[in-house]
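Visitor: Sharing coords_7.txt, compact mmCIF, C-alpha atoms:
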```
# COMPACT_ATOMS: atom_id res chain seq x y z
CA MET A 22 31.42 61.99 68.60
CA ARG A 23 34.89 63.36 69.31
CA VAL A 24 35.72 64.48 72.85
CA LEU A 25 38.73 66.45 74.05
CA LEU A 26 39.29 65.48 77.69
CA VAL A 27 41.46 67.90 79.68
CA GLU A 28 42.22 66.25 83.02
CA ASP A 29 45.50 65.95 84.95
CA ASP A 30 44.35 63.18 87.34
CA GLU A 31 45.29 60.03 85.44
CA PRO A 32 43.00 57.55 87.27
CA VAL A 33 40.01 59.87 86.76
CA ALA A 34 40.93 60.49 83.14
CA GLN A 35 41.44 56.82 82.31
CA SER A 36 38.20 55.78 84.00
CA LEU A 37 36.22 58.48 82.20
CA ARG A 38 37.96 57.74 78.90
CA ARG A 39 37.16 54.02 79.13
CA GLY A 40 33.54 54.77 79.97
CA LEU A 41 33.11 57.19 77.08
CA ILE A 42 34.75 54.83 74.60
CA ARG A 43 32.39 52.08 75.75
CA TYR A 44 29.52 54.31 74.66
CA GLY A 45 31.03 54.92 71.24
CA PHE A 46 32.80 58.25 71.83
CA GLU A 47 36.25 59.02 70.43
CA VAL A 48 38.38 60.51 73.21
CA GLU A 49 41.61 62.53 73.01
CA TRP A 50 43.12 63.02 76.46
CA VAL A 51 45.54 65.80 77.45
CA SER A 52 46.67 66.64 80.97
CA THR A 53 47.64 70.32 80.83
CA GLY A 54 46.11 73.59 79.79
CA ALA A 55 48.93 74.21 77.31
CA ALA A 56 48.25 70.87 75.62
CA ALA A 57 44.53 71.66 75.45
CA LEU A 58 45.15 75.04 73.83
CA GLY A 59 47.71 73.50 71.48
CA HIS A 60 45.45 70.64 70.39
CA GLN A 61 44.56 71.00 66.73
CA GLY A 62 41.34 68.98 66.88
CA PRO A 63 38.88 68.48 65.45
CA TYR A 64 36.62 67.73 68.40
CA ASP A 65 32.90 68.15 69.07
CA VAL A 66 32.94 68.84 72.82
CA VAL A 67 35.50 69.65 75.53
CA LEU A 68 35.49 68.15 79.04
CA LEU A 69 37.64 70.56 81.03
CA ASP A 70 39.01 70.13 84.54
CA LEU A 71 39.67 73.37 86.39
CA GLY A 72 42.52 72.09 88.58
CA LEU A 73 45.26 71.84 85.97
CA PRO A 74 48.97 71.78 86.91
CA ASP A 75 50.17 74.59 84.60
CA THR A 76 47.28 77.08 84.49
CA ASP A 77 43.83 77.74 85.89
CA GLY A 78 41.16 75.87 83.98
CA LEU A 79 39.04 79.01 83.93
CA ASP A 80 41.70 80.71 81.81
CA VAL A 81 41.67 77.74 79.44
CA CYS A 82 37.88 77.95 79.28
CA ARG A 83 38.06 81.64 78.37
CA ALA A 84 40.67 81.00 75.69
CA LEU A 85 38.77 78.09 74.14
CA ARG A 86 35.55 80.05 74.06
CA GLY A 87 37.33 82.91 72.35
CA ARG A 88 38.23 80.55 69.52
CA GLY A 89 34.74 79.33 68.69
CA ASP A 90 31.49 77.77 69.80
CA VAL A 91 32.53 74.18 70.58
CA PRO A 92 30.57 73.10 73.69
CA ILE A 93 32.60 73.11 76.91
CA ILE A 94 31.63 71.10 79.99
CA VAL A 95 33.64 71.91 83.10
CA ILE A 96 34.40 68.91 85.32
CA SER A 97 35.88 69.87 88.65
CA ALA A 98 36.26 69.05 92.32
CA ARG A 99 35.56 72.70 93.02
CA SER A 100 31.99 72.78 94.24
CA ASP A 101 32.00 76.44 95.24
CA GLU A 102 29.13 78.34 93.65
CA THR A 103 31.47 81.18 92.63
CA ASP A 104 33.52 78.85 90.44
CA ARG A 105 30.36 77.52 88.84
CA VAL A 106 29.10 81.01 88.06
CA VAL A 107 32.47 82.23 86.76
CA GLY A 108 32.86 79.13 84.59
CA LEU A 109 29.45 79.62 83.03
CA GLU A 110 30.03 83.34 82.57
CA LEU A 111 33.31 82.61 80.78
CA GLY A 112 31.47 80.49 78.26
CA ALA A 113 31.17 76.98 79.68
CA ASP A 114 27.97 75.26 78.60
CA ASP A 115 27.64 73.09 81.72
CA TYR A 116 29.39 72.27 85.00
CA VAL A 117 29.74 68.82 86.59
CA SER A 118 31.13 68.46 90.10
CA LYS A 119 33.35 65.55 91.12
CA PRO A 120 32.71 62.81 91.98
CA PHE A 121 30.50 62.00 89.02
CA GLY A 122 29.44 58.94 87.07
CA VAL A 123 30.04 58.29 83.39
CA ARG A 124 26.30 58.15 82.85
CA GLU A 125 25.88 61.71 84.17
CA VAL A 126 28.69 63.02 81.97
CA ILE A 127 27.21 61.37 78.88
CA ALA A 128 23.79 62.82 79.66
CA ARG A 129 25.35 66.30 79.97
CA ILE A 130 27.24 65.84 76.69
CA ARG A 131 24.10 64.81 74.85
CA ALA A 132 22.15 67.69 76.36
CA VAL A 133 24.68 70.37 75.38
CA MET A 134 25.05 68.87 71.90
CA ARG A 135 21.30 69.02 71.39
CA ARG A 136 21.31 72.66 72.45
CA ALA A 137 24.27 73.43 70.20
CA GLN A 138 22.72 71.99 67.06
CA PRO A 139 21.27 74.69 64.82
CA ARG A 140 17.50 74.35 64.88
CA THR A 141 14.62 76.56 63.85
CA GLU A 142 12.68 78.23 66.64
CA ALA A 143 9.72 75.95 66.03
CA ALA A 144 11.85 72.82 66.05
CA ALA A 145 13.64 73.89 69.21
CA THR A 146 10.38 73.96 71.14
CA GLY A 147 8.81 70.91 69.50
CA PRO A 148 9.19 67.18 69.97
CA ASP A 149 11.77 64.94 68.32
CA CYS A 150 10.19 62.92 65.50
CA TYR A 151 11.18 59.38 64.56
CA GLY A 152 9.58 58.52 61.26
CA SER A 153 6.06 59.74 60.55
CA ARG A 154 4.36 58.00 63.48
CA LEU A 155 6.45 58.42 66.63
CA SER A 156 7.38 61.62 68.47
CA ILE A 157 9.07 62.19 71.81
CA ASP A 158 8.71 65.44 73.71
CA ARG A 159 11.77 65.20 75.93
CA LYS A 160 10.96 68.38 77.85
CA ALA A 161 7.57 67.05 78.91
CA ALA A 162 8.61 63.35 78.90
CA ARG A 163 5.67 62.48 76.64
CA VAL A 164 5.49 60.01 73.77
CA ARG A 165 2.94 60.13 70.96
CA LEU A 166 2.11 57.49 68.39
CA ASP A 167 0.04 58.64 65.42
CA GLY A 168 -0.71 61.80 67.36
CA GLN A 169 -2.06 59.98 70.42
CA GLU A 170 -0.19 59.99 73.71
CA VAL A 171 1.18 56.59 74.74
CA ALA A 172 1.09 55.71 78.45
CA LEU A 173 4.56 54.54 79.39
CA ALA A 174 5.89 53.56 82.79
CA PRO A 175 8.81 55.80 83.91
CA LYS A 176 11.47 53.21 83.08
CA GLU A 177 9.80 52.40 79.76
CA TYR A 178 10.10 56.07 78.85
CA ASP A 179 13.73 56.23 80.04
CA LEU A 180 14.57 53.14 77.99
CA LEU A 181 12.92 54.53 74.86
CA ALA A 182 14.59 57.92 75.32
CA PHE A 183 17.99 56.25 75.63
CA LEU A 184 17.60 53.93 72.65
CA THR A 185 16.34 56.73 70.41
CA GLU A 186 19.38 58.88 71.17
CA GLU A 187 21.18 56.86 68.49
CA PRO A 188 18.75 54.88 66.31
CA GLY A 189 20.46 51.94 64.66
CA ALA A 190 23.27 51.76 67.21
CA LEU A 191 23.81 48.48 69.03
CA MET A 192 23.61 49.03 72.79
CA SER A 193 24.92 46.38 75.13
CA ARG A 194 22.91 45.22 78.11
CA GLU A 195 25.55 46.75 80.36
CA GLN A 196 25.26 50.14 78.66
CA ILE A 197 21.48 50.11 78.88
CA MET A 198 21.34 48.99 82.50
CA GLU A 199 23.88 51.64 83.52
CA ALA A 200 22.12 54.42 81.63
CA VAL A 201 18.49 53.57 82.42
CA TRP A 202 18.67 51.91 85.79
CA ASP A 203 21.84 52.56 87.78
CA ALA A 204 25.59 52.32 87.38
CA ASN A 205 25.66 50.07 90.45
CA TRP A 206 22.78 47.81 89.39
CA PHE A 207 23.53 44.25 90.48
CA GLY A 208 20.08 42.72 90.01
CA PRO A 209 18.95 40.46 87.17
CA THR A 210 18.77 42.00 83.70
CA LYS A 211 15.49 40.18 83.05
CA THR A 212 13.77 43.45 83.92
CA LEU A 213 15.31 44.90 80.74
CA ASP A 214 13.66 42.21 78.61
CA VAL A 215 10.31 42.94 80.25
CA HIS A 216 10.57 46.65 79.46
CA VAL A 217 11.69 45.97 75.88
CA ALA A 218 8.70 43.67 75.39
CA ALA A 219 6.39 46.41 76.71
CA LEU A 220 7.82 48.98 74.27
CA ARG A 221 7.50 46.56 71.38
CA ARG A 222 3.85 46.03 72.25
CA LYS A 223 2.99 49.69 72.79
CA LEU A 224 4.92 51.02 69.80
CA ALA A 225 4.30 48.17 67.36
CA GLY A 226 4.84 49.25 63.78
CA ALA A 227 6.63 52.49 64.68
CA VAL A 228 9.92 51.08 65.93
CA VAL A 229 11.69 47.73 65.80
CA ILE A 230 13.77 46.75 68.82
CA GLU A 231 16.06 43.99 67.68
CA ALA A 232 17.67 41.64 70.22
CA VAL A 233 21.27 40.77 69.40
CA ARG A 234 21.97 37.51 71.19
CA GLY A 235 24.66 37.78 73.82
CA VAL A 236 25.12 41.52 73.32
CA GLY A 237 22.08 43.74 73.71
CA PHE A 238 19.51 45.63 71.64
CA ARG A 239 19.29 47.83 68.57
CA LEU A 240 16.36 50.20 67.90
CA GLU A 241 15.41 50.93 64.30
CA ILE A 242 12.74 53.31 63.06
CA ALA A 243 10.14 51.36 61.08
CA GLY A 244 9.26 52.39 57.54
CA ASP A 245 6.38 54.75 56.87
CA ASP A 246 4.36 51.84 55.51
CA GLY A 247 4.20 50.42 59.05
CA ALA A 248 6.12 47.24 58.22
CA SER A 249 8.38 45.96 60.92
```
Please express what this file holds, its structure, as structure tokens.

Guide:
Amino acid sequence: MRVLLVEDDEPVAQSLRRGLIRYGFEVEWVSTGAAALGHQGPYDVVLLDLGLPDTDGLDVCRALRGRGDVPIIVISARSDETDRVVGLELGADDYVSKPFGVREVIARIRAVMRRAQPRTEAAATGPDCYGSRLSIDRKAARVRLDGQEVALAPKEYDLLAFLTEEPGALMSREQIMEAVWDANWFGPTKTLDVHVAALRRKLAGAVVIEAVRGVGFRLEIAGDDGAS
């Protein structure tokens, strides 16, 4: 996924850029409103700071929205409710206040991208299906296997929801721990193995969670014949 990052604070921009790249995003960084408006793209989502050196970020937001429907997420130190409301009224899809963590930004990106994808009315209100056996209702945080609800512990659900965001993608232990547990988690990662084992047991035949030694895990959707 291609991200246009508009941020004049270099330490913030570099930290966010590194974090996004670690999760597989392609990031183009510009530091002024003029550069943002002059960027030819293509990009899938815009992360827009309001406190730019050459123009108000709200004006950039208005101009970008006037050009098309690319999702815009405002990232700003301005926590005033008025700025939030104005930003959203000008066409921003979401608003994240500084300080923020990479995990929060990624969650917001994924959420706005899901909303932006063209879907039928029925699909928009229904669960996400993975193969013919597994479905995840992200609104209700419920998982069904062969039509029957599966009882998952909260972290088991969070882990499954994260891994199914990109089936087939290799996720490092660090990525998973930061996304599912906490960016500041310093405990043993053995808890991750325990939760993976629980998902394998509860969803046997529907998904395959492959361990890649020394790296992390990859979730694959099993074939309709139930083979793993």

Visitor: Find the residue from A:Val217, A:Ala55, A:Val233, A:Val126 that sits nearest to A:Thr76; use only C-alpha atoms when measuring.

Guide: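 When distances to A:Thr76 are compared using only C-alpha atoms, the smallest one comes from A:Ala55.
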
Visitor: Report, in Å to a single decimal, how far apart atom CA of A:Leu25 and atom CA of A:Val67 are.

Guide: 4.8 Å

Visitor: Excluding same-chain residues fewer than 4 positions from A:Tyr151, what lies within 7 Å of it counting all atoms listed in the file, as a PyMOL selection string?

Guide: chain A and resi 155-156+242

Visitor: Could you state the separation of atom CA of A:Ala128 and atom CA of A:Met192 in Å, given to one decimal place?

Guide: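 Here the two named atoms are 15.4 Å from each other.
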
Visitor: Using all atoms listed in the file, which protein or nucleic acid residues come within 12 Å of A:Gly89? Drop anything in the same chain fewer than 2 positions from it, and give the result as a PyMOL selection string.

Guide: chain A and resi 64-67+82-87+91-93+112-113

Visitor: Tell me, as a PyMOL selection string, which residues lie within 12 Å of A:Arg23, counting all atoms listed in the file; anything in the same chain fewer than 3 positions away does not count.

Guide: chain A and resi 26+38+41-42+44-50+62-68+91-92+130+134

Visitor: Report the distance between atom CA of A:Leu213 and atom CA of A:Met198 in Å, rounded to one decimal place.

Guide: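 Answer for the atom CA of A:Leu213 to atom CA of A:Met198 separation: 7.5 Å.
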
Visitor: Using all atoms listed in the file, pick whichever of A:Ala243, A:Val33, A:Val215, A:Val27 has the shortest atom-to-atom distance to A:Ala174.

Guide: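 Answer, going by the shortest atom-to-atom distance: A:Val215.
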
Visitor: Enclose stretch 108-114 of chain A, meaning all of its atoms listed in the file, in a box aligned along x, y and z, pad it by 8 Å on each side, and list the centre and edge lengths in Å to one decimal, as lines of an AutoDock Vina configuration file.

Guide:
```
center_x = 30.6
center_y = 79.3
center_z = 81.4
size_x = 21.3
size_y = 24.1
size_z = 22.3
```

Visitor: Hey, which of A:Tyr116, A:Gly54, A:Ala98, A:Phe121 ends up closest to A:Leu37? Count all atoms listed in the file.

Guide: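 The shortest atom-to-atom distance to A:Leu37 comes from A:Phe121.
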
Visitor: Nearest to A:Thr212: which of A:Pro32, A:Arg159, A:Arg154, A:Ile197 is it, counting only C-alpha atoms?

Guide: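 Under the stated criterion, the closest residue is A:Ile197.
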
Visitor: Could you check the closest approach to A:Gly40 for each of A:Leu111, A:Ala182, A:Ala200, A:Ala56 and tell me which residue wins, using all atoms listed in the file?

Guide: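 Residue with the minimum atom-to-atom distance to A:Gly40: A:Ala200.
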
Visitor: Considering only C-alpha atoms, state which residue in the set A:Arg43, A:Ser97, A:Trp202, A:Pro148 is at the smallest distance from A:Pro120.

Guide: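 Looking at the shortest contact to A:Pro120, the residue is A:Ser97.
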
Visitor: Write out as a list in words the residues lying within 8 Å of A:Ser193, counting all atoms listed in the file and excluding same-chain residues fewer than 6 positions away.

Guide: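 Near A:Ser193, the qualifying residues are Val236, Gly237 and Phe238 of chain A.
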